[in-house]
Amino acid sequence: MNLEDTMKVGFVGCGMMALRHLEAIKKMPDVIPASFCDVDLWKAEALGHEFDATVYSDVERMIDEENLDALYILVPAFAHGKAEKAAIAKWIPFFVEKPIGIDLDLCREIGDLVAKERLITSVGYHNRYRRTVQAAREIFSSDPPFLAYGGWVTGLLLPKDQIKTRGWGLQRQKTGGRLNETGGHTIDLLRYLMGEVLEVFAFAAPPRSFLSYVPDFYDLNDIELIGLRFESGALATVYVTVAANAGNGINLSIFSSTYAAHFTGWEHNLRLISAQPGKERKEQTLMAESPTWEDWDYWRTHNCLSLNEAKAGADVFFQEDRVFIDAVKSGNPGKILTTYPEALKTAEIILEIQRCADKNHGTLISFENRGR
Ligand SMILES: NC(=O)c1ccc[n+]([C@@H]2O[C@H](COP(=O)([O-])OP(=O)(O)OC[C@H]3O[C@@H](n4cnc5c(N)ncnc54)[C@H](O)[C@@H]3O)[C@@H](O)[C@H]2O)c1
């Protein structure tokens with residue numbers, strides 16, 4: 001396929017994240033949303049009507065009957081497997097939202113198939129594409145970070161009117177736990193910025209220890225606290241709770257001997273501080289979603305980013321989708337920052353942490369011999 005060719009894309013799962021990715025894809029004249037599939041057919045029909053596309057309630061039928069160039073898999077964590085396997089069988093490159101699943105054996109099976117078939121894949125750990133994260137990665141590549149703390153300290157995150165339709169997000173069996181569903185972004189970022197994880201431990205406060213007024217089916221741990229030791233010897237702690245209605249949201253602070261990188265909010269805006277003995281302490285703020293020319297001047301003088309990258313950083317979904325689409329067209333996955341096999345490493349850590357949290361006594365689980 002040539003870069004100027006038009007691509008036909010199918011969507012499995014027509015909920016909130018489908019709308020998010022479609023906002024980006026609508027801005028791409030070379031991509032046609034050609035087909036929609038949802039177990040709730042009416043959701044596929046609504047999007048099918050908007051885009052003059054075909055609709056299905058069964059992904060295997062969609063893949064058999066449509067001539068798709070790529071597939072977006074945007075289903076909840078418990079619903080993975082069928083779409084991925086159908087795409088692999090027809091050698092259709094796919095983008096899949098994080099988390100990639102709740103069943104590690106299934107994720108490993110898909111990861112092996114993807115690797116064997118050399119299929120182009122991308123996973124929605126989109127924070128890797130943020131210019132703030134790229135800037136920190138560049139700085140930490142020559143000044144290794146040794147300590148980090150952060151996490152997701154929030155209330156339930158789900159508006160009351162969505163509790164029925166998107167209530168799966170409050171259930172352990174459907175999400176794989178709160179860390180898998182939300183804080184997994186933080187675990188993935190830590191891997192990206194600090195390297196591979198060697199050992200983890202975790203404690204948890206079980207459902208309703210602190211959180212009341214929740215639906216009957218809520219069974220997430222109220223709090224999870226995780227410790228990680230990296231191959232480099234660096235240490236980090238991550239915490240996740242949905243019991244803090246007045247919590248301070250998403251935060252991550254990472255320290256090396258010269259730099260402190262403080263990420264805040266869903267956007268992962270960055271406050272970067274540098275301090276060296278005998279030198280002036282410097283502090284700069286870089287906004288992830290709305291770059292200014294002042295930001296740009298600072299980062300350019302620190303050789304962090306090119307102008308194109310700084311501009312593209314303004315819309316992270318557009319950025320990750322464009323990279324995936326271009327990879328499919330060119331056949332070159334080099335710019336995809338989280339392929340399926342890469343996301344599998346994050347999933348292995350998260351799902352092991354979850355098992356550890358369930359034991360709730362700080363057992364060490366080592367990744368030393370995992371052979372990947
Ligand atoms: N990257 C991010 O920051 C981010 C943000 C929010 C959600 N997500 C992830 O995206 C995924 C989807 O979340 P969402 O908010 O769109 O959920 P949603 O509930 O709004 O939509 C999911 C849709 O998938 C459909 N579905 C379920 N099982 C299916 C199946 N087997 N085949 C076809 N359709 C099926 C549901 O009917 C629903 O319409 C989740 O894994 C979530 O964790 C990622």
# chains A, B, ... in the order shown; residues from 1 in each chain; ligands from 1

$ residues_near_ligand --ligand "ligand 1" --cutoff "9 Å" --atoms "only C-alpha atoms and all ligand atoms" --output "PDB file with N, CA and C atoms, in the first residue's frame"
ATOM      1  N   PHE A  11     -14.184  -1.039  12.991  1.00  0.00           N
ATOM      2  CA  PHE A  11     -14.175  -0.778  14.437  1.00  0.00           C
ATOM      3  C   PHE A  11     -14.953  -1.867  15.157  1.00  0.00           C
ATOM      4  N   VAL A  12     -14.341  -2.462  16.196  1.00  0.00           N
ATOM      5  CA  VAL A  12     -15.047  -3.409  17.068  1.00  0.00           C
ATOM      6  C   VAL A  12     -15.167  -2.752  18.431  1.00  0.00           C
ATOM      7  N   GLY A  13     -16.405  -2.569  18.901  1.00  0.00           N
ATOM      8  CA  GLY A  13     -16.638  -1.798  20.129  1.00  0.00           C
ATOM      9  C   GLY A  13     -16.940  -0.367  19.718  1.00  0.00           C
ATOM     10  N   CYS A  14     -18.184   0.040  19.927  1.00  0.00           N
ATOM     11  CA  CYS A  14     -18.618   1.364  19.444  1.00  0.00           C
ATOM     12  C   CYS A  14     -19.028   2.260  20.611  1.00  0.00           C
ATOM     13  N   GLY A  15     -18.219   2.262  21.675  1.00  0.00           N
ATOM     14  CA  GLY A  15     -18.523   3.082  22.849  1.00  0.00           C
ATOM     15  C   GLY A  15     -17.682   4.345  22.869  1.00  0.00           C
ATOM     16  N   MET A  16     -17.325   4.752  24.092  1.00  0.00           N
ATOM     17  CA  MET A  16     -16.651   6.034  24.278  1.00  0.00           C
ATOM     18  C   MET A  16     -15.327   6.141  23.507  1.00  0.00           C
ATOM     19  N   MET A  17     -14.523   5.068  23.554  1.00  0.00           N
ATOM     20  CA  MET A  17     -13.213   5.174  22.905  1.00  0.00           C
ATOM     21  C   MET A  17     -13.321   5.141  21.387  1.00  0.00           C
ATOM     22  N   ALA A  18     -14.371   4.524  20.867  1.00  0.00           N
ATOM     23  CA  ALA A  18     -14.587   4.586  19.415  1.00  0.00           C
ATOM     24  C   ALA A  18     -14.795   6.052  19.015  1.00  0.00           C
ATOM     25  N   LEU A  19     -15.582   6.770  19.819  1.00  0.00           N
ATOM     26  CA  LEU A  19     -15.814   8.187  19.498  1.00  0.00           C
ATOM     27  C   LEU A  19     -14.505   8.966  19.558  1.00  0.00           C
ATOM     28  N   ARG A  20     -13.690   8.665  20.564  1.00  0.00           N
ATOM     29  CA  ARG A  20     -12.399   9.360  20.698  1.00  0.00           C
ATOM     30  C   ARG A  20     -11.526   9.160  19.458  1.00  0.00           C
ATOM     31  N   CYS A  37     -18.770  -2.743  14.402  1.00  0.00           N
ATOM     32  CA  CYS A  37     -19.302  -3.949  15.045  1.00  0.00           C
ATOM     33  C   CYS A  37     -19.448  -3.706  16.545  1.00  0.00           C
ATOM     34  N   ASP A  38     -20.599  -4.076  17.097  1.00  0.00           N
ATOM     35  CA  ASP A  38     -20.783  -4.006  18.551  1.00  0.00           C
ATOM     36  C   ASP A  38     -21.793  -5.079  18.943  1.00  0.00           C
ATOM     37  N   VAL A  39     -21.579  -5.704  20.109  1.00  0.00           N
ATOM     38  CA  VAL A  39     -22.565  -6.693  20.562  1.00  0.00           C
ATOM     39  C   VAL A  39     -23.921  -6.015  20.785  1.00  0.00           C
ATOM     40  N   ASP A  40     -23.892  -4.730  21.133  1.00  0.00           N
ATOM     41  CA  ASP A  40     -25.135  -3.938  21.136  1.00  0.00           C
ATOM     42  C   ASP A  40     -25.262  -3.311  19.747  1.00  0.00           C
ATOM     43  N   LEU A  41     -26.006  -3.996  18.884  1.00  0.00           N
ATOM     44  CA  LEU A  41     -26.022  -3.607  17.467  1.00  0.00           C
ATOM     45  C   LEU A  41     -26.409  -2.145  17.268  1.00  0.00           C
ATOM     46  N   LYS A  43     -25.548   0.421  18.764  1.00  0.00           N
ATOM     47  CA  LYS A  43     -24.403   1.350  18.832  1.00  0.00           C
ATOM     48  C   LYS A  43     -23.647   1.335  17.500  1.00  0.00           C
ATOM     49  N   ALA A  44     -23.490   0.135  16.920  1.00  0.00           N
ATOM     50  CA  ALA A  44     -22.846   0.041  15.606  1.00  0.00           C
ATOM     51  C   ALA A  44     -23.701   0.753  14.558  1.00  0.00           C
ATOM     52  N   TYR A  56     -22.288  -4.665  12.024  1.00  0.00           N
ATOM     53  CA  TYR A  56     -22.296  -6.086  12.427  1.00  0.00           C
ATOM     54  C   TYR A  56     -22.407  -6.185  13.949  1.00  0.00           C
ATOM     55  N   SER A  57     -22.873  -7.360  14.400  1.00  0.00           N
ATOM     56  CA  SER A  57     -22.784  -7.632  15.837  1.00  0.00           C
ATOM     57  C   SER A  57     -21.768  -8.744  16.099  1.00  0.00           C
ATOM     58  N   ASP A  58     -21.184  -9.291  15.036  1.00  0.00           N
ATOM     59  CA  ASP A  58     -20.212 -10.371  15.201  1.00  0.00           C
ATOM     60  C   ASP A  58     -18.931 -10.022  14.428  1.00  0.00           C
ATOM     61  N   VAL A  59     -17.821  -9.958  15.125  1.00  0.00           N
ATOM     62  CA  VAL A  59     -16.578  -9.492  14.505  1.00  0.00           C
ATOM     63  C   VAL A  59     -16.054 -10.468  13.443  1.00  0.00           C
ATOM     64  N   ILE A  73      -9.737  -2.245  17.770  1.00  0.00           N
ATOM     65  CA  ILE A  73     -10.409  -3.090  18.767  1.00  0.00           C
ATOM     66  C   ILE A  73     -10.558  -2.260  20.044  1.00  0.00           C
ATOM     67  N   LEU A  74     -11.813  -1.838  20.327  1.00  0.00           N
ATOM     68  CA  LEU A  74     -12.055  -0.859  21.390  1.00  0.00           C
ATOM     69  C   LEU A  74     -13.103  -1.400  22.356  1.00  0.00           C
ATOM     70  N   VAL A  75     -12.842  -2.621  22.840  1.00  0.00           N
ATOM     71  CA  VAL A  75     -13.790  -3.303  23.730  1.00  0.00           C
ATOM     72  C   VAL A  75     -13.218  -3.321  25.148  1.00  0.00           C
ATOM     73  N   PRO A  76     -14.071  -3.520  26.164  1.00  0.00           N
ATOM     74  CA  PRO A  76     -13.554  -3.600  27.539  1.00  0.00           C
ATOM     75  C   PRO A  76     -12.588  -4.768  27.727  1.00  0.00           C
ATOM     76  N   ALA A  77     -11.815  -4.701  28.804  1.00  0.00           N
ATOM     77  CA  ALA A  77     -10.726  -5.662  29.021  1.00  0.00           C
ATOM     78  C   ALA A  77     -11.188  -7.119  28.948  1.00  0.00           C
ATOM     79  N   PHE A  78     -12.406  -7.437  29.461  1.00  0.00           N
ATOM     80  CA  PHE A  78     -12.847  -8.836  29.517  1.00  0.00           C
ATOM     81  C   PHE A  78     -13.221  -9.386  28.142  1.00  0.00           C
ATOM     82  N   ALA A  79     -13.394  -8.497  27.160  1.00  0.00           N
ATOM     83  CA  ALA A  79     -13.970  -8.932  25.873  1.00  0.00           C
ATOM     84  C   ALA A  79     -12.919  -9.166  24.787  1.00  0.00           C
ATOM     85  N   HIS A  80     -11.649  -9.255  25.186  1.00  0.00           N
ATOM     86  CA  HIS A  80     -10.602  -9.439  24.171  1.00  0.00           C
ATOM     87  C   HIS A  80     -10.450 -10.906  23.771  1.00  0.00           C
ATOM     88  N   GLY A  81      -9.871 -11.125  22.597  1.00  0.00           N
ATOM     89  CA  GLY A  81      -9.544 -12.482  22.153  1.00  0.00           C
ATOM     90  C   GLY A  81     -10.102 -12.757  20.774  1.00  0.00           C
ATOM     91  N   LYS A  82     -11.444 -12.716  20.684  1.00  0.00           N
ATOM     92  CA  LYS A  82     -12.084 -13.099  19.422  1.00  0.00           C
ATOM     93  C   LYS A  82     -11.675 -12.140  18.287  1.00  0.00           C
ATOM     94  N   ALA A  83     -11.716 -10.841  18.554  1.00  0.00           N
ATOM     95  CA  ALA A  83     -11.395  -9.861  17.502  1.00  0.00           C
ATOM     96  C   ALA A  83      -9.935  -9.977  17.089  1.00  0.00           C
ATOM     97  N   VAL A  96      -5.322  -1.827  19.316  1.00  0.00           N
ATOM     98  CA  VAL A  96      -6.175  -2.292  20.406  1.00  0.00           C
ATOM     99  C   VAL A  96      -5.996  -1.361  21.607  1.00  0.00           C
ATOM    100  N   GLU A  97      -7.145  -0.958  22.206  1.00  0.00           N
ATOM    101  CA  GLU A  97      -7.043  -0.109  23.400  1.00  0.00           C
ATOM    102  C   GLU A  97      -6.471  -0.916  24.565  1.00  0.00           C
ATOM    103  N   LYS A  98      -5.763  -0.219  25.434  1.00  0.00           N
ATOM    104  CA  LYS A  98      -5.310  -0.820  26.681  1.00  0.00           C
ATOM    105  C   LYS A  98      -6.502  -0.938  27.608  1.00  0.00           C
ATOM    106  N   PRO A  99      -6.525  -1.806  28.605  1.00  0.00           N
ATOM    107  CA  PRO A  99      -5.577  -2.900  28.782  1.00  0.00           C
ATOM    108  C   PRO A  99      -5.863  -4.000  27.748  1.00  0.00           C
ATOM    109  N   ILE A 100      -4.832  -4.795  27.436  1.00  0.00           N
ATOM    110  CA  ILE A 100      -5.012  -5.776  26.360  1.00  0.00           C
ATOM    111  C   ILE A 100      -5.808  -6.994  26.818  1.00  0.00           C
ATOM    112  N   GLY A 101      -6.122  -7.098  28.107  1.00  0.00           N
ATOM    113  CA  GLY A 101      -6.947  -8.224  28.543  1.00  0.00           C
ATOM    114  C   GLY A 101      -6.868  -8.445  30.039  1.00  0.00           C
ATOM    115  N   VAL A 123      -0.920  -0.522  20.584  1.00  0.00           N
ATOM    116  CA  VAL A 123      -1.763  -0.577  21.790  1.00  0.00           C
ATOM    117  C   VAL A 123      -1.854   0.831  22.386  1.00  0.00           C
ATOM    118  N   GLY A 124      -3.054   1.154  22.925  1.00  0.00           N
ATOM    119  CA  GLY A 124      -3.359   2.532  23.325  1.00  0.00           C
ATOM    120  C   GLY A 124      -2.720   3.051  24.590  1.00  0.00           C
ATOM    121  N   TYR A 125      -1.474   2.679  24.863  1.00  0.00           N
ATOM    122  CA  TYR A 125      -0.751   3.369  25.941  1.00  0.00           C
ATOM    123  C   TYR A 125      -0.217   4.676  25.355  1.00  0.00           C
ATOM    124  N   HIS A 126      -1.159   5.608  25.132  1.00  0.00           N
ATOM    125  CA  HIS A 126      -0.866   6.776  24.302  1.00  0.00           C
ATOM    126  C   HIS A 126       0.088   7.775  24.959  1.00  0.00           C
ATOM    127  N   ASN A 127       0.270   7.677  26.294  1.00  0.00           N
ATOM    128  CA  ASN A 127       1.122   8.688  26.939  1.00  0.00           C
ATOM    129  C   ASN A 127       2.543   8.674  26.403  1.00  0.00           C
ATOM    130  N   GLN A 162     -23.789   6.880  33.700  1.00  0.00           N
ATOM    131  CA  GLN A 162     -23.112   5.841  32.906  1.00  0.00           C
ATOM    132  C   GLN A 162     -22.910   4.549  33.695  1.00  0.00           C
ATOM    133  N   THR A 165     -24.494   1.599  31.803  1.00  0.00           N
ATOM    134  CA  THR A 165     -23.929   1.233  30.501  1.00  0.00           C
ATOM    135  C   THR A 165     -22.443   0.918  30.573  1.00  0.00           C
ATOM    136  N   ARG A 166     -21.718   1.617  31.472  1.00  0.00           N
ATOM    137  CA  ARG A 166     -20.281   1.390  31.525  1.00  0.00           C
ATOM    138  C   ARG A 166     -19.861   0.881  32.900  1.00  0.00           C
ATOM    139  N   GLY A 167     -20.804   0.222  33.609  1.00  0.00           N
ATOM    140  CA  GLY A 167     -20.543  -0.273  34.962  1.00  0.00           C
ATOM    141  C   GLY A 167     -19.492  -1.364  34.999  1.00  0.00           C
ATOM    142  N   TRP A 168     -19.177  -1.963  33.851  1.00  0.00           N
ATOM    143  CA  TRP A 168     -18.123  -2.980  33.818  1.00  0.00           C
ATOM    144  C   TRP A 168     -16.828  -2.436  34.422  1.00  0.00           C
ATOM    145  N   GLY A 169     -16.631  -1.111  34.346  1.00  0.00           N
ATOM    146  CA  GLY A 169     -15.400  -0.503  34.860  1.00  0.00           C
ATOM    147  C   GLY A 169     -15.267  -0.590  36.370  1.00  0.00           C
ATOM    148  N   THR A 175     -12.564  -5.967  34.428  1.00  0.00           N
ATOM    149  CA  THR A 175     -11.455  -5.033  34.174  1.00  0.00           C
ATOM    150  C   THR A 175     -10.082  -5.630  34.457  1.00  0.00           C
ATOM    151  N   ASN A 180      -5.166  -2.388  36.293  1.00  0.00           N
ATOM    152  CA  ASN A 180      -5.226  -2.766  34.880  1.00  0.00           C
ATOM    153  C   ASN A 180      -5.999  -1.711  34.083  1.00  0.00           C
ATOM    154  N   GLU A 181      -7.104  -1.247  34.670  1.00  0.00           N
ATOM    155  CA  GLU A 181      -8.004  -0.372  33.928  1.00  0.00           C
ATOM    156  C   GLU A 181      -7.473   1.059  33.796  1.00  0.00           C
ATOM    157  N   THR A 182      -6.863   1.595  34.845  1.00  0.00           N
ATOM    158  CA  THR A 182      -6.432   3.005  34.782  1.00  0.00           C
ATOM    159  C   THR A 182      -4.928   3.161  35.064  1.00  0.00           C
ATOM    160  N   HIS A 185      -1.550   2.800  32.867  1.00  0.00           N
ATOM    161  CA  HIS A 185      -0.848   3.855  32.125  1.00  0.00           C
ATOM    162  C   HIS A 185       0.448   4.230  32.860  1.00  0.00           C
ATOM    163  N   TRP A 266      -4.361  14.122  33.457  1.00  0.00           N
ATOM    164  CA  TRP A 266      -4.516  13.157  32.365  1.00  0.00           C
ATOM    165  C   TRP A 266      -3.600  13.526  31.197  1.00  0.00           C
ATOM    166  N   PHE A 317      -4.395  11.491  20.657  1.00  0.00           N
ATOM    167  CA  PHE A 317      -5.069  10.411  19.927  1.00  0.00           C
ATOM    168  C   PHE A 317      -4.774  10.515  18.428  1.00  0.00           C
TER     169      PHE A 317
END

$ closest_atom_pairs --of "stretch 328-352 of chain A" --to "stretch 219-230 of chain A" --cutoff "12 Å" --atoms "only C-alpha atoms" --output "Markdown table"
| residue | atom | partner | partner_atom | distance |
| --- | --- | --- | --- | --- |
| A:Ile349 | CA | A:Leu228 | CA | 9.7 |
| A:Ile350 | CA | A:Ile226 | CA | 10.0 |
| A:Glu352 | CA | A:Ile226 | CA | 11.1 |

$ residues_around --residues "stretch 202-210 of chain A" --least-positions-apart "6" --cutoff "12 Å" --atoms "only C-alpha atoms" --output "number ranges by chain"
A: 155, 170-172, 177-179, 216-229, 236-245, 349-365

$ write_last_selection --atoms "N, CA and C atoms" --output "tab-separated table (two decimals), in the first residue's frame"
chain	number	residue	atom	x	y	z
A	155	GLY	N	-11.95	9.76	42.74
A	155	GLY	CA	-13.22	9.17	43.13
A	155	GLY	C	-13.58	8.12	42.09
A	170	LEU	N	-16.35	-1.00	37.05
A	170	LEU	CA	-16.30	-1.11	38.52
A	170	LEU	C	-16.19	-2.56	38.96
A	171	GLN	N	-15.98	-3.46	38.01
A	171	GLN	CA	-15.97	-4.89	38.36
A	171	GLN	C	-14.63	-5.54	38.06
A	172	ARG	N	-14.18	-6.28	39.04
A	172	ARG	CA	-12.88	-6.95	38.95
A	172	ARG	C	-12.80	-7.92	37.76
A	177	GLY	N	-9.12	-5.44	37.46
A	177	GLY	CA	-8.73	-4.61	38.61
A	177	GLY	C	-8.45	-3.17	38.19
A	178	ARG	N	-8.43	-2.30	39.20
A	178	ARG	CA	-8.29	-0.87	38.91
A	178	ARG	C	-6.93	-0.53	38.29
A	179	LEU	N	-5.90	-1.25	38.72
A	179	LEU	CA	-4.57	-0.96	38.16
A	179	LEU	C	-4.57	-1.26	36.67
A	216	ASP	N	-24.12	-2.33	43.90
A	216	ASP	CA	-23.93	-3.68	44.47
A	216	ASP	C	-22.80	-4.44	43.80
A	217	PHE	N	-22.67	-4.22	42.49
A	217	PHE	CA	-21.70	-5.04	41.75
A	217	PHE	C	-20.26	-4.52	41.85
A	218	TYR	N	-20.04	-3.41	42.55
A	218	TYR	CA	-18.67	-2.89	42.70
A	218	TYR	C	-17.83	-3.88	43.52
A	219	ASP	N	-16.73	-4.34	42.97
A	219	ASP	CA	-15.87	-5.24	43.74
A	219	ASP	C	-14.37	-4.97	43.50
A	220	LEU	N	-14.05	-3.70	43.24
A	220	LEU	CA	-12.64	-3.33	43.09
A	220	LEU	C	-12.02	-3.11	44.47
A	221	ASN	N	-10.72	-3.35	44.59
A	221	ASN	CA	-10.06	-2.94	45.83
A	221	ASN	C	-10.21	-1.43	45.97
A	222	ASP	N	-10.45	-0.96	47.20
A	222	ASP	CA	-10.57	0.49	47.40
A	222	ASP	C	-9.23	1.20	47.18
A	223	ILE	N	-8.16	0.55	47.63
A	223	ILE	CA	-6.81	1.13	47.47
A	223	ILE	C	-5.85	0.01	47.08
A	224	GLU	N	-4.93	0.31	46.21
A	224	GLU	CA	-3.82	-0.62	45.94
A	224	GLU	C	-2.52	0.17	46.03
A	225	LEU	N	-1.55	-0.41	46.71
A	225	LEU	CA	-0.24	0.24	46.87
A	225	LEU	C	0.82	-0.74	46.39
A	226	ILE	N	1.65	-0.28	45.48
A	226	ILE	CA	2.55	-1.19	44.77
A	226	ILE	C	4.00	-0.72	44.90
A	227	GLY	N	4.90	-1.66	45.08
A	227	GLY	CA	6.33	-1.33	45.05
A	227	GLY	C	6.98	-2.02	43.86
A	228	LEU	N	7.88	-1.33	43.19
A	228	LEU	CA	8.56	-1.92	42.04
A	228	LEU	C	10.06	-1.73	42.17
A	229	ARG	N	10.80	-2.78	41.82
A	229	ARG	CA	12.26	-2.66	41.72
A	229	ARG	C	12.65	-2.93	40.28
A	236	ALA	N	10.37	2.33	42.74
A	236	ALA	CA	9.20	3.20	42.54
A	236	ALA	C	8.04	2.68	43.36
A	237	THR	N	7.14	3.60	43.71
A	237	THR	CA	5.89	3.18	44.32
A	237	THR	C	4.73	3.82	43.58
A	238	VAL	N	3.67	3.03	43.41
A	238	VAL	CA	2.50	3.48	42.65
A	238	VAL	C	1.27	3.19	43.49
A	239	TYR	N	0.33	4.13	43.52
A	239	TYR	CA	-0.90	3.91	44.29
A	239	TYR	C	-2.11	4.21	43.42
A	240	VAL	N	-3.17	3.44	43.65
A	240	VAL	CA	-4.39	3.59	42.87
A	240	VAL	C	-5.56	3.52	43.83
A	241	THR	N	-6.44	4.51	43.77
A	241	THR	CA	-7.67	4.42	44.56
A	241	THR	C	-8.80	5.11	43.84
A	242	VAL	N	-10.01	4.59	44.05
A	242	VAL	CA	-11.20	5.28	43.55
A	242	VAL	C	-12.04	5.75	44.73
A	243	ALA	N	-11.45	5.73	45.94
A	243	ALA	CA	-12.21	6.08	47.15
A	243	ALA	C	-12.00	7.52	47.57
A	244	ALA	N	-11.17	8.26	46.83
A	244	ALA	CA	-10.83	9.63	47.25
A	244	ALA	C	-11.52	10.64	46.33
A	245	ASN	N	-12.76	11.01	46.70
A	245	ASN	CA	-13.50	11.92	45.83
A	245	ASN	C	-12.81	13.28	45.69
A	349	ILE	N	3.30	-7.51	34.09
A	349	ILE	CA	3.60	-6.89	35.39
A	349	ILE	C	2.31	-6.56	36.13
A	350	ILE	N	1.37	-5.94	35.42
A	350	ILE	CA	0.14	-5.50	36.08
A	350	ILE	C	-0.64	-6.69	36.63
A	351	LEU	N	-0.77	-7.73	35.83
A	351	LEU	CA	-1.60	-8.86	36.27
A	351	LEU	C	-0.91	-9.65	37.39
A	352	GLU	N	0.42	-9.66	37.39
A	352	GLU	CA	1.14	-10.27	38.52
A	352	GLU	C	0.96	-9.42	39.78
A	353	ILE	N	1.01	-8.09	39.62
A	353	ILE	CA	0.80	-7.20	40.77
A	353	ILE	C	-0.58	-7.48	41.37
A	354	GLN	N	-1.57	-7.67	40.49
A	354	GLN	CA	-2.93	-7.89	40.96
A	354	GLN	C	-3.01	-9.16	41.82
A	355	ARG	N	-2.32	-10.20	41.36
A	355	ARG	CA	-2.30	-11.45	42.15
A	355	ARG	C	-1.65	-11.20	43.50
A	356	CYS	N	-0.59	-10.41	43.46
A	356	CYS	CA	0.15	-10.08	44.67
A	356	CYS	C	-0.72	-9.27	45.63
A	357	ALA	N	-1.46	-8.30	45.10
A	357	ALA	CA	-2.34	-7.47	45.92
A	357	ALA	C	-3.42	-8.33	46.57
A	358	ASP	N	-3.88	-9.36	45.86
A	358	ASP	CA	-4.91	-10.23	46.40
A	358	ASP	C	-4.41	-10.99	47.63
A	359	LYS	N	-3.11	-11.35	47.61
A	359	LYS	CA	-2.55	-12.04	48.79
A	359	LYS	C	-2.39	-11.06	49.93
A	360	ASN	N	-2.16	-9.77	49.57
A	360	ASN	CA	-2.18	-8.68	50.53
A	360	ASN	C	-1.18	-8.84	51.66
A	361	HIS	N	-0.05	-9.48	51.37
A	361	HIS	CA	0.97	-9.50	52.42
A	361	HIS	C	2.37	-9.23	51.87
A	362	GLY	N	2.40	-8.45	50.81
A	362	GLY	CA	3.69	-7.95	50.36
A	362	GLY	C	4.64	-9.00	49.80
A	363	THR	N	4.09	-10.07	49.22
A	363	THR	CA	4.94	-11.10	48.63
A	363	THR	C	5.77	-10.53	47.48
A	364	LEU	N	7.01	-10.91	47.42
A	364	LEU	CA	7.82	-10.49	46.29
A	364	LEU	C	7.58	-11.43	45.12
A	365	ILE	N	7.37	-10.84	43.94
A	365	ILE	CA	7.25	-11.66	42.73
A	365	ILE	C	8.36	-11.21	41.80

$ atom_distance --atom1 "atom CA of A:Arg130" --atom2 "atom CA of A:Leu270"
10.3 Å

$ select_by_dssp --residues "stretch 173-211 of chain A" --states "alpha helix (DSSP H)" --output "PyMOL selection string"
chain A and resi 173-175+178+184-194

$ residues_around --residues "A:Thr132" --least-positions-apart "3" --cutoff "9 Å" --atoms "only C-alpha atoms" --output "MDAnalysis selection string"
chainID A and resid 127:129 135:137 263 268:270 286:288 313

$ write_last_selection --atoms "C-alpha atoms" --output "PDB file, in the first residue's frame"
ATOM      1  CA  ASN A 127       1.122   8.688  26.939  1.00  0.00           C
ATOM      2  CA  ARG A 128       4.308   7.492  25.287  1.00  0.00           C
ATOM      3  CA  TYR A 129       3.476   9.820  22.369  1.00  0.00           C
ATOM      4  CA  ALA A 135      11.275  15.166  26.593  1.00  0.00           C
ATOM      5  CA  ALA A 136      11.650  13.351  29.934  1.00  0.00           C
ATOM      6  CA  ARG A 137      12.777  10.188  28.179  1.00  0.00           C
ATOM      7  CA  PHE A 263       3.812  14.900  35.509  1.00  0.00           C
ATOM      8  CA  HIS A 268       0.707  14.589  31.671  1.00  0.00           C
ATOM      9  CA  ASN A 269       1.811  18.199  31.723  1.00  0.00           C
ATOM     10  CA  LEU A 270       5.382  18.368  32.934  1.00  0.00           C
ATOM     11  CA  LEU A 286       5.737  22.156  29.545  1.00  0.00           C
ATOM     12  CA  MET A 287       2.073  21.662  28.707  1.00  0.00           C
ATOM     13  CA  ALA A 288       1.321  18.406  26.961  1.00  0.00           C
ATOM     14  CA  GLY A 313       1.950  16.667  20.485  1.00  0.00           C
TER      15      GLY A 313
END

$ closest_residue --among "A:Arg191, A:Lys335, A:Lys279, A:Lys345" --to "A:Ser122" --atoms "only C-alpha atoms"
A:Lys335

$ closest_residue --among "A:Ile254, A:Ala87, A:Leu68, A:Ile102" --to "A:Gly151" --atoms "only C-alpha atoms"
A:Ile254

$ closest_residue --among "A:Ala260, A:Ala89, A:Ala24, A:Leu47" --to "A:Val323" --atoms "only C-alpha atoms"
A:Ala24

$ closest_residue --among "A:Val328, A:Leu156, A:Leu337, A:Cys107" --to "A:Lys8" --atoms "only C-alpha atoms"
A:Val328

$ atom_distance --atom1 "atom CA of A:Leu22" --atom2 "atom CA of A:Lys160"
24.8 Å

$ closest_residue --among "A:Leu71, A:Phe94, A:Ile120, A:Asn2" --to "A:Pro33" --atoms "only C-alpha atoms"
A:Leu71

$ closest_residue --among "A:Ile110, A:Val214, A:Leu235, A:Ala34" --to "A:Ala148" --atoms "only C-alpha atoms"
A:Leu235

$ atom_distance --atom1 "atom CA of A:Asp161" --atom2 "atom CA of A:Trp42"
18.5 Å

$ residues_around --residues "A:Lys329" --least-positions-apart "4" --cutoff "12 Å" --atoms "only C-alpha atoms" --output "PyMOL selection string"
chain A and resi 1-9+30-31+69-70+92-93+120+322-325+333

$ write_last_selection --atoms "C-alpha atoms" --output "compact mmCIF listing (two decimals), in the first residue's frame"
# COMPACT_ATOMS: atom_id res chain seq x y z
CA MET A 1 0.00 0.00 0.00
CA ASN A 2 1.26 3.51 -0.86
CA LEU A 3 1.14 6.42 1.57
CA GLU A 4 -1.35 8.29 -0.65
CA ASP A 5 -3.76 5.31 -0.91
CA THR A 6 -7.09 5.39 0.95
CA MET A 7 -7.44 2.87 3.76
CA LYS A 8 -10.60 1.04 4.91
CA VAL A 9 -10.78 0.65 8.67
CA ASP A 30 -7.05 9.04 3.54
CA VAL A 31 -8.89 6.85 6.09
CA ASP A 69 -7.01 -2.77 5.72
CA ALA A 70 -6.92 -2.35 9.51
CA ILE A 92 -5.26 -7.55 9.28
CA PRO A 93 -3.12 -5.10 11.30
CA ILE A 120 1.61 -4.64 12.65
CA ARG A 322 -1.59 8.66 12.58
CA VAL A 323 1.52 6.70 13.52
CA PHE A 324 -0.47 3.44 13.34
CA ILE A 325 -2.11 4.29 10.00
CA PRO A 333 6.07 -0.31 12.36
